[in-house]
Amino acid sequence: MAAPSYATDLTDITLSESTTGWAALGGGASGLSLEPDFTIQGSNCIAKQIKAETKGHHYNYGSGIAMGADDHVFVWNYVSTPGTPDLLANGGIRVTMGTGSTARKEFYVAGSDTYFRGGWVCYPVRYSQTADATSGSPGANPQYFGIVMKGTVTVKAPNM
């Protein structure tokens, strides 16, 4: 089988090499940090400590991105404490996208019952699909892209 080849339609939203454009979700903005030890590409990734709370972070692309019905956004995430998210059905790990910091769709993608070992996982999500949860009234062209975790225990360091 030949290796796939992509010539068009792929756009990097962010490579997460700096905290510029990133904001915390659920509070704790000072908790965003650059993490060079667990990066998947380049020199850094954005890290945040998630305890027994629902928090995360998202990136403001700066303008809305028009998406067709079958367009997907690929979000990479790493939880270094895989047993700490809530269950998938409770929104343990969520991809979030929207048109404002308070106008977002959340798609439940994993939980402690599906994410057993840790490590990087790619979550492809279609913005046009029905979300598992929403905040505000997200419009048609998202410009905020991120990840949220509903934690269940206290941890001592950035773990997502």
# chains A, B, ... in the order shown; residues from 1 in each chain; ligands from 1
>>> select_by_dssp(residues="chain A", states="strand (DSSP E)", output="ChimeraX atom specification")
/A:22-25,33-34,46-47,54-60,73-78,93-100,103-110,120-125,133-135,144-150
>>> closest_atom_pairs(of="stretch 51-83 of chain A", to="stretch 94-113 of chain A", cutoff="8 Å", atoms="only C-alpha atoms", output="tab-separated table")
residue	atom	partner	partner_atom	distance
A:His58	CA	A:Thr96	CA	7.6
A:Gly64	CA	A:Thr99	CA	6.9
A:Val75	CA	A:Val95	CA	7.2
A:Pro82	CA	A:Ser112	CA	6.5
A:Gly83	CA	A:Ser112	CA	5.3
>>> write_last_selection(atoms="N, CA, C and O atoms", output="PDB file, in the first residue's frame")
ATOM      1  N   HIS A  58      -6.790  27.028  25.404  1.00  0.00           N
ATOM      2  CA  HIS A  58      -7.097  27.095  23.985  1.00  0.00           C
ATOM      3  C   HIS A  58      -6.290  28.194  23.325  1.00  0.00           C
ATOM      4  O   HIS A  58      -5.778  29.092  23.979  1.00  0.00           O
ATOM      5  N   GLY A  64     -11.640  33.649  12.202  1.00  0.00           N
ATOM      6  CA  GLY A  64     -12.392  32.423  12.014  1.00  0.00           C
ATOM      7  C   GLY A  64     -11.915  31.649  10.794  1.00  0.00           C
ATOM      8  O   GLY A  64     -11.454  32.223   9.811  1.00  0.00           O
ATOM      9  N   VAL A  75      -6.373  17.544  16.812  1.00  0.00           N
ATOM     10  CA  VAL A  75      -5.819  18.083  18.050  1.00  0.00           C
ATOM     11  C   VAL A  75      -5.004  16.980  18.715  1.00  0.00           C
ATOM     12  O   VAL A  75      -5.511  15.879  18.972  1.00  0.00           O
ATOM     13  N   PRO A  82      -2.450   9.312  33.162  1.00  0.00           N
ATOM     14  CA  PRO A  82      -3.601   8.803  32.434  1.00  0.00           C
ATOM     15  C   PRO A  82      -4.777   8.334  33.291  1.00  0.00           C
ATOM     16  O   PRO A  82      -5.893   8.299  32.799  1.00  0.00           O
ATOM     17  N   GLY A  83      -4.590   8.005  34.527  1.00  0.00           N
ATOM     18  CA  GLY A  83      -5.711   7.566  35.364  1.00  0.00           C
ATOM     19  C   GLY A  83      -6.499   8.705  35.992  1.00  0.00           C
ATOM     20  O   GLY A  83      -7.505   8.471  36.661  1.00  0.00           O
TER      21      GLY A  83
END
>>> closest_residue(among="A:Val73, A:Tyr123, A:Trp22, A:Gly92", to="A:Lys51", atoms="only C-alpha atoms")
A:Gly92
>>> closest_atom_pairs(of="stretch 32-95 of chain A", to="stretch 15-18 of chain A", cutoff="10 Å", atoms="only C-alpha atoms", output="CSV")
residue,atom,partner,partner_atom,distance
A:Ser33,CA,A:Ser18,CA,8.5
A:Leu34,CA,A:Ser18,CA,6.7
A:Glu35,CA,A:Glu17,CA,9.2
A:Pro36,CA,A:Glu17,CA,9.3
A:Thr39,CA,A:Ser16,CA,9.3
A:Ile40,CA,A:Leu15,CA,9.8
A:Gln41,CA,A:Leu15,CA,7.6
A:Gly42,CA,A:Glu17,CA,7.2
A:Ser43,CA,A:Glu17,CA,6.6
A:Asn44,CA,A:Glu17,CA,5.1
A:Cys45,CA,A:Ser16,CA,5.2
A:Ile46,CA,A:Ser16,CA,5.9
A:Ala47,CA,A:Ser16,CA,9.7
A:Tyr59,CA,A:Ser16,CA,8.8
>>> atom_distance(atom1="atom CA of A:Thr134", atom2="atom CA of A:Asn159")
24.4 Å
>>> closest_residue(among="A:Ala66, A:Met149, A:Thr81, A:Thr130", to="A:Phe116", atoms="only C-alpha atoms")
A:Thr81
>>> atom_distance(atom1="atom CA of A:Glu53", atom2="atom CA of A:Ala140")
28.9 Å
